Amino acid sequence: MKRIKKNWIVPKGRRLTEMDKRVLAIQDEGHLVPSRDLIRTRKQIEGIRESGKINTGVLDYVAERIKEGMSTADIDKLVYNYTTDHDAIPAPLGYEGFPKSVCTSINEEVCHGIPSNDIILEEGDIINVDVSTIYKGYYSDASRMFIIGKTTPEKERLVRVAKECLDLGAEAAKPYGFVGDIAAAVTKHAHDNGFTVVRDFCGHGVGLEFHEDPEVDHYGEAGTGMLLVPGMTFTIEPMINMGDWRVFIDAANDWTAVTEDELPSAQWEHTYLMTDDGLEILTY
Ligand code: MF3
Ligand code: CO
């Protein structure tokens with residue numbers, strides 16, 4: 001027997017809205033749909049938007065200062081200081097034991113790099129700075145790549161294609177489409193360019209908590225995964241590898257993911273709101 005997970009539950013005695021009818025019909029076809037509480041209220045959206053503005057401020061602040069010779073611990077200080085000066089909290093700090101305020105992942109590091117005084121930025125490095133902010137209880141999450149000085153044409157292309165993967169993934173996300181539509185667009189663009197998509201980490205619902213439903217895979221097929229409904233807020237954050245898609249976790253800290261073949265990886269991330277006409281970026 002095929003079990004169908006019923007997520008969309010309308011309280012007894014409540015009149016069905018147009019959205020309820022539409023989602024219930026899709027759920028009855030056997031698709032995975034969000035629970036109703038993943039549809040944000042206007043007040044929640046405003047809160048997440050405000051959080052996103054601070055998160056963008058942090059990334060802009062880092063962008064103006066990041067340079068060769070700096071340690072990743074220096075980046076951590078910039079993030080901590082800017083965030084707390086704006087009455088916000090860096091979401092990574094203490095999250096499941098993460099020791100710092102930001103993730104800094106260089107070259108073959110895929111994600112969850114831990115800032116350190118011993119890691120010094122060098123000419124030619126590519127680095128992902130992944131910033132997540134809590135403001136008045138609302139969460140936002142975004143990351144960018146930075147190129148330190150001049151790098152190789154191939155690393156430059158990886159950084160550019162990874163950004164295109166994010167933008168094409170976001171464009172593919174339509175109201176009443178599926179999470180897998182994002183994955184299909186990301187996967188196609190990565191493969192068309194001779195790169196691969198990391199499968200072990202995904203985007204995620206964000207807003208009232210750091211990580212919630214839906215699971216936003218970047219590798220996969222259109223029409224699969226959870227239904228996308230206006231009012232949902234989530235990240236897209238594809239990690240694109242120059243070589244093989246496989247990764248391992250560095251045993252030295254139990255956090256940092258590194259490419260199996262130690263070839264470079266690049267990642268960009270935004271927090272998005274699904275609207276009636278497609279995605280809106282909340283971390284611009
Ligand atoms: N910012 C990462 C994300 O995009 C999560 C980092 S988890 C942490 O989901 F603990 F390292 F902060
Ligand atoms: Co994220």
# chains A, B, ... in the order shown; residues from 1 in each chain; ligands from 1
$ residues_near_ligand --ligand "ligand 2" --cutoff "12 Å" --atoms "only C-alpha atoms and all ligand atoms" --output "PyMOL selection string"
chain A and resi 91-92+102-103+111-112+129-133+139-144+201-207+209-217+233-239+267-272+283
$ write_last_selection --atoms "C-alpha atoms" --output "PDB file, in the first residue's frame"
ATOM      1  CA  ALA A  91      22.591  32.304  13.833  1.00  0.00           C
ATOM      2  CA  PRO A  92      25.576  29.912  13.436  1.00  0.00           C
ATOM      3  CA  VAL A 102      29.968  32.586  10.154  1.00  0.00           C
ATOM      4  CA  CYS A 103      31.050  29.769   7.833  1.00  0.00           C
ATOM      5  CA  CYS A 111      30.686  24.371   3.214  1.00  0.00           C
ATOM      6  CA  HIS A 112      30.837  24.743   7.017  1.00  0.00           C
ATOM      7  CA  VAL A 129      31.197  33.502   3.248  1.00  0.00           C
ATOM      8  CA  ASP A 130      27.897  32.118   4.589  1.00  0.00           C
ATOM      9  CA  VAL A 131      26.014  34.522   6.855  1.00  0.00           C
ATOM     10  CA  SER A 132      22.827  33.772   8.799  1.00  0.00           C
ATOM     11  CA  THR A 133      21.038  36.278  11.024  1.00  0.00           C
ATOM     12  CA  TYR A 139      15.950  34.024  10.547  1.00  0.00           C
ATOM     13  CA  SER A 140      17.601  34.810   7.211  1.00  0.00           C
ATOM     14  CA  ASP A 141      20.479  33.097   5.420  1.00  0.00           C
ATOM     15  CA  ALA A 142      22.664  34.016   2.417  1.00  0.00           C
ATOM     16  CA  SER A 143      26.164  33.442   1.117  1.00  0.00           C
ATOM     17  CA  ARG A 144      28.455  34.841  -1.551  1.00  0.00           C
ATOM     18  CA  PHE A 201      23.602  19.244   1.500  1.00  0.00           C
ATOM     19  CA  CYS A 202      20.421  21.023   0.535  1.00  0.00           C
ATOM     20  CA  GLY A 203      18.616  24.336   0.861  1.00  0.00           C
ATOM     21  CA  HIS A 204      15.894  24.577   3.475  1.00  0.00           C
ATOM     22  CA  GLY A 205      12.877  26.395   4.784  1.00  0.00           C
ATOM     23  CA  VAL A 206      13.991  29.359   6.897  1.00  0.00           C
ATOM     24  CA  GLY A 207      12.273  32.155   8.797  1.00  0.00           C
ATOM     25  CA  GLU A 209      13.733  28.656  12.604  1.00  0.00           C
ATOM     26  CA  PHE A 210      17.195  28.262  11.050  1.00  0.00           C
ATOM     27  CA  HIS A 211      16.369  25.027   9.211  1.00  0.00           C
ATOM     28  CA  GLU A 212      12.806  23.904   8.543  1.00  0.00           C
ATOM     29  CA  ASP A 213      10.812  22.295   5.727  1.00  0.00           C
ATOM     30  CA  PRO A 214      10.984  22.118   2.763  1.00  0.00           C
ATOM     31  CA  GLU A 215      14.178  20.269   1.945  1.00  0.00           C
ATOM     32  CA  VAL A 216      15.450  22.048  -1.169  1.00  0.00           C
ATOM     33  CA  ASP A 217      17.599  19.586  -3.098  1.00  0.00           C
ATOM     34  CA  THR A 233      10.185  31.097   2.673  1.00  0.00           C
ATOM     35  CA  PHE A 234      13.275  29.011   1.944  1.00  0.00           C
ATOM     36  CA  THR A 235      16.870  29.090   0.763  1.00  0.00           C
ATOM     37  CA  ILE A 236      18.438  27.872  -2.456  1.00  0.00           C
ATOM     38  CA  GLU A 237      22.179  27.302  -2.009  1.00  0.00           C
ATOM     39  CA  PRO A 238      23.735  25.037  -4.636  1.00  0.00           C
ATOM     40  CA  MET A 239      27.288  23.802  -4.080  1.00  0.00           C
ATOM     41  CA  GLN A 267      28.351  28.159  -3.545  1.00  0.00           C
ATOM     42  CA  TRP A 268      25.935  31.085  -3.533  1.00  0.00           C
ATOM     43  CA  GLU A 269      22.778  31.368  -1.437  1.00  0.00           C
ATOM     44  CA  HIS A 270      19.736  33.578  -0.974  1.00  0.00           C
ATOM     45  CA  THR A 271      16.622  33.446   1.184  1.00  0.00           C
ATOM     46  CA  TYR A 272      13.477  33.649  -0.973  1.00  0.00           C
ATOM     47  CA  THR A 283      18.440  38.878   1.148  1.00  0.00           C
TER      48      THR A 283
END
$ residues_around --residues "Lys174 in chain A" --least-positions-apart "4" --cutoff "9 Å" --atoms "only C-alpha atoms" --output "list in words"
Ala170, Phe178, Asp181, Leu228, Val229, Pro230, Met274, Thr275, Asp276, Asp277, Gly278 and Leu279 of chain A
$ closest_residue --among "A:Asp254, A:Asp37, A:Asp85, A:Glu108" --to "Val58 in chain A" --atoms "only C-alpha atoms"
A:Asp85
$ closest_residue --among "A:Phe146, A:Tyr176, A:Tyr284, A:Trp245" --to "Glu64 in chain A" --atoms "only C-alpha atoms"
A:Phe146
$ closest_residue --among "A:Lys67, A:Arg15, A:Lys77, A:Lys100" --to "ligand 1" --atoms "only C-alpha atoms and all ligand atoms"
A:Lys100
$ select_by_dssp --residues "range 20-222 of chain A" --states "alpha helix (DSSP H)" --output "PyMOL selection string"
chain A and resi 20-28+42-65+72-85+153-172+179-192
$ closest_residue --among "A:Met19, A:Ile134, A:Ala88, A:Leu121" --to "ligand 1" --atoms "only C-alpha atoms and all ligand atoms"
A:Ile134
$ atom_distance --atom1 "CA of Glu18 in chain A" --atom2 "CA of Glu221 in chain A"
28.0 Å
$ decode --residues "range 138-187 of chain A" --atoms "N, CA and C atoms" --output "CSV table (one decimal), in the first residue's frame"
chain,number,residue,atom,x,y,z
A,138,TYR,N,13.4,36.3,13.9
A,138,TYR,CA,13.3,35.9,12.5
A,138,TYR,C,14.6,35.6,11.9
A,139,TYR,N,14.7,34.5,11.1
A,139,TYR,CA,16.0,34.0,10.5
A,139,TYR,C,16.1,34.3,9.1
A,140,SER,N,17.3,34.7,8.6
A,140,SER,CA,17.6,34.8,7.2
A,140,SER,C,19.0,34.2,7.0
A,141,ASP,N,19.3,33.9,5.7
A,141,ASP,CA,20.5,33.1,5.4
A,141,ASP,C,20.9,33.4,4.0
A,142,ALA,N,22.2,33.8,3.8
A,142,ALA,CA,22.7,34.0,2.4
A,142,ALA,C,24.2,33.9,2.4
A,143,SER,N,24.7,33.5,1.2
A,143,SER,CA,26.2,33.4,1.1
A,143,SER,C,26.6,33.9,-0.2
A,144,ARG,N,27.9,34.4,-0.3
A,144,ARG,CA,28.5,34.8,-1.6
A,144,ARG,C,29.9,34.3,-1.7
A,145,MET,N,30.4,34.2,-2.9
A,145,MET,CA,31.7,33.9,-3.2
A,145,MET,C,32.5,35.2,-3.3
A,146,PHE,N,33.8,35.1,-2.8
A,146,PHE,CA,34.7,36.2,-3.1
A,146,PHE,C,36.0,35.7,-3.7
A,147,ILE,N,36.5,36.4,-4.7
A,147,ILE,CA,37.8,36.0,-5.3
A,147,ILE,C,38.9,36.9,-4.7
A,148,ILE,N,39.9,36.3,-4.2
A,148,ILE,CA,41.0,37.1,-3.6
A,148,ILE,C,42.0,37.4,-4.7
A,149,GLY,N,42.1,38.7,-5.0
A,149,GLY,CA,43.0,39.1,-6.0
A,149,GLY,C,42.6,38.5,-7.4
A,150,LYS,N,43.7,37.9,-8.0
A,150,LYS,CA,43.4,37.3,-9.3
A,150,LYS,C,43.5,35.8,-9.2
A,151,THR,N,42.5,35.1,-9.8
A,151,THR,CA,42.6,33.6,-9.7
A,151,THR,C,42.7,33.0,-11.1
A,152,THR,N,42.6,31.7,-11.2
A,152,THR,CA,42.7,31.1,-12.5
A,152,THR,C,41.4,31.2,-13.3
A,153,PRO,N,41.4,31.2,-14.6
A,153,PRO,CA,40.2,31.3,-15.4
A,153,PRO,C,39.2,30.2,-15.0
A,154,GLU,N,39.7,29.0,-14.7
A,154,GLU,CA,38.8,27.9,-14.4
A,154,GLU,C,38.1,28.1,-13.1
A,155,LYS,N,38.8,28.6,-12.1
A,155,LYS,CA,38.1,28.9,-10.8
A,155,LYS,C,37.1,30.1,-10.9
A,156,GLU,N,37.5,31.0,-11.8
A,156,GLU,CA,36.6,32.2,-12.0
A,156,GLU,C,35.3,31.7,-12.7
A,157,ARG,N,35.5,30.7,-13.6
A,157,ARG,CA,34.3,30.2,-14.3
A,157,ARG,C,33.4,29.4,-13.4
A,158,LEU,N,34.0,28.7,-12.4
A,158,LEU,CA,33.3,27.9,-11.5
A,158,LEU,C,32.4,28.8,-10.6
A,159,VAL,N,33.0,29.9,-10.2
A,159,VAL,CA,32.3,30.9,-9.3
A,159,VAL,C,31.1,31.5,-10.1
A,160,ARG,N,31.4,31.8,-11.3
A,160,ARG,CA,30.3,32.4,-12.2
A,160,ARG,C,29.2,31.5,-12.4
A,161,VAL,N,29.6,30.2,-12.8
A,161,VAL,CA,28.5,29.2,-13.1
A,161,VAL,C,27.7,28.9,-11.9
A,162,ALA,N,28.4,28.8,-10.7
A,162,ALA,CA,27.6,28.5,-9.5
A,162,ALA,C,26.6,29.6,-9.2
A,163,LYS,N,26.9,30.9,-9.5
A,163,LYS,CA,26.0,32.0,-9.3
A,163,LYS,C,24.8,31.8,-10.3
A,164,GLU,N,25.2,31.4,-11.6
A,164,GLU,CA,24.1,31.2,-12.6
A,164,GLU,C,23.2,30.1,-12.2
A,165,CYS,N,23.8,29.0,-11.6
A,165,CYS,CA,23.0,27.9,-11.1
A,165,CYS,C,21.9,28.4,-10.1
A,166,LEU,N,22.4,29.2,-9.1
A,166,LEU,CA,21.4,29.8,-8.1
A,166,LEU,C,20.3,30.5,-8.8
A,167,ASP,N,20.7,31.5,-9.8
A,167,ASP,CA,19.7,32.3,-10.4
A,167,ASP,C,18.7,31.5,-11.3
A,168,LEU,N,19.2,30.5,-12.0
A,168,LEU,CA,18.4,29.7,-12.8
A,168,LEU,C,17.5,28.8,-12.0
A,169,GLY,N,18.0,28.3,-10.9
A,169,GLY,CA,17.2,27.5,-9.9
A,169,GLY,C,16.0,28.3,-9.4
A,170,ALA,N,16.3,29.6,-9.1
A,170,ALA,CA,15.3,30.5,-8.5
A,170,ALA,C,14.2,30.8,-9.6
A,171,GLU,N,14.7,31.0,-10.8
A,171,GLU,CA,13.8,31.3,-11.9
A,171,GLU,C,12.8,30.1,-12.2
A,172,ALA,N,13.3,28.9,-12.0
A,172,ALA,CA,12.5,27.7,-12.2
A,172,ALA,C,11.5,27.4,-11.2
A,173,ALA,N,11.6,28.1,-10.0
A,173,ALA,CA,10.6,27.9,-8.9
A,173,ALA,C,9.4,28.7,-9.2
A,174,LYS,N,8.2,28.0,-9.4
A,174,LYS,CA,7.0,28.7,-9.7
A,174,LYS,C,5.9,28.3,-8.6
A,175,PRO,N,5.0,29.2,-8.3
A,175,PRO,CA,4.0,28.9,-7.4
A,175,PRO,C,3.2,27.6,-7.9
A,176,TYR,N,3.0,26.7,-7.0
A,176,TYR,CA,2.3,25.4,-7.4
A,176,TYR,C,3.2,24.5,-8.3
A,177,GLY,N,4.5,24.9,-8.4
A,177,GLY,CA,5.5,23.9,-9.0
A,177,GLY,C,6.0,23.1,-7.8
A,178,PHE,N,7.2,22.4,-8.1
A,178,PHE,CA,7.8,21.6,-7.1
A,178,PHE,C,9.2,21.9,-6.8
A,179,VAL,N,9.7,21.6,-5.6
A,179,VAL,CA,11.1,21.8,-5.3
A,179,VAL,C,12.1,21.2,-6.3
A,180,GLY,N,11.7,20.1,-6.9
A,180,GLY,CA,12.6,19.4,-7.8
A,180,GLY,C,12.8,20.2,-9.1
A,181,ASP,N,11.9,21.1,-9.4
A,181,ASP,CA,12.0,22.0,-10.6
A,181,ASP,C,13.3,22.8,-10.4
A,182,ILE,N,13.6,23.2,-9.2
A,182,ILE,CA,14.8,24.0,-8.9
A,182,ILE,C,16.0,23.1,-9.1
A,183,ALA,N,16.0,21.9,-8.6
A,183,ALA,CA,17.1,21.0,-8.7
A,183,ALA,C,17.4,20.7,-10.2
A,184,ALA,N,16.3,20.5,-11.0
A,184,ALA,CA,16.5,20.2,-12.4
A,184,ALA,C,17.3,21.3,-13.1
A,185,ALA,N,16.9,22.5,-12.8
A,185,ALA,CA,17.5,23.7,-13.5
A,185,ALA,C,19.0,23.8,-13.0
A,186,VAL,N,19.2,23.7,-11.7
A,186,VAL,CA,20.6,23.7,-11.2
A,186,VAL,C,21.5,22.6,-11.9
A,187,THR,N,20.9,21.4,-11.8
A,187,THR,CA,21.7,20.3,-12.3
A,187,THR,C,22.0,20.4,-13.8
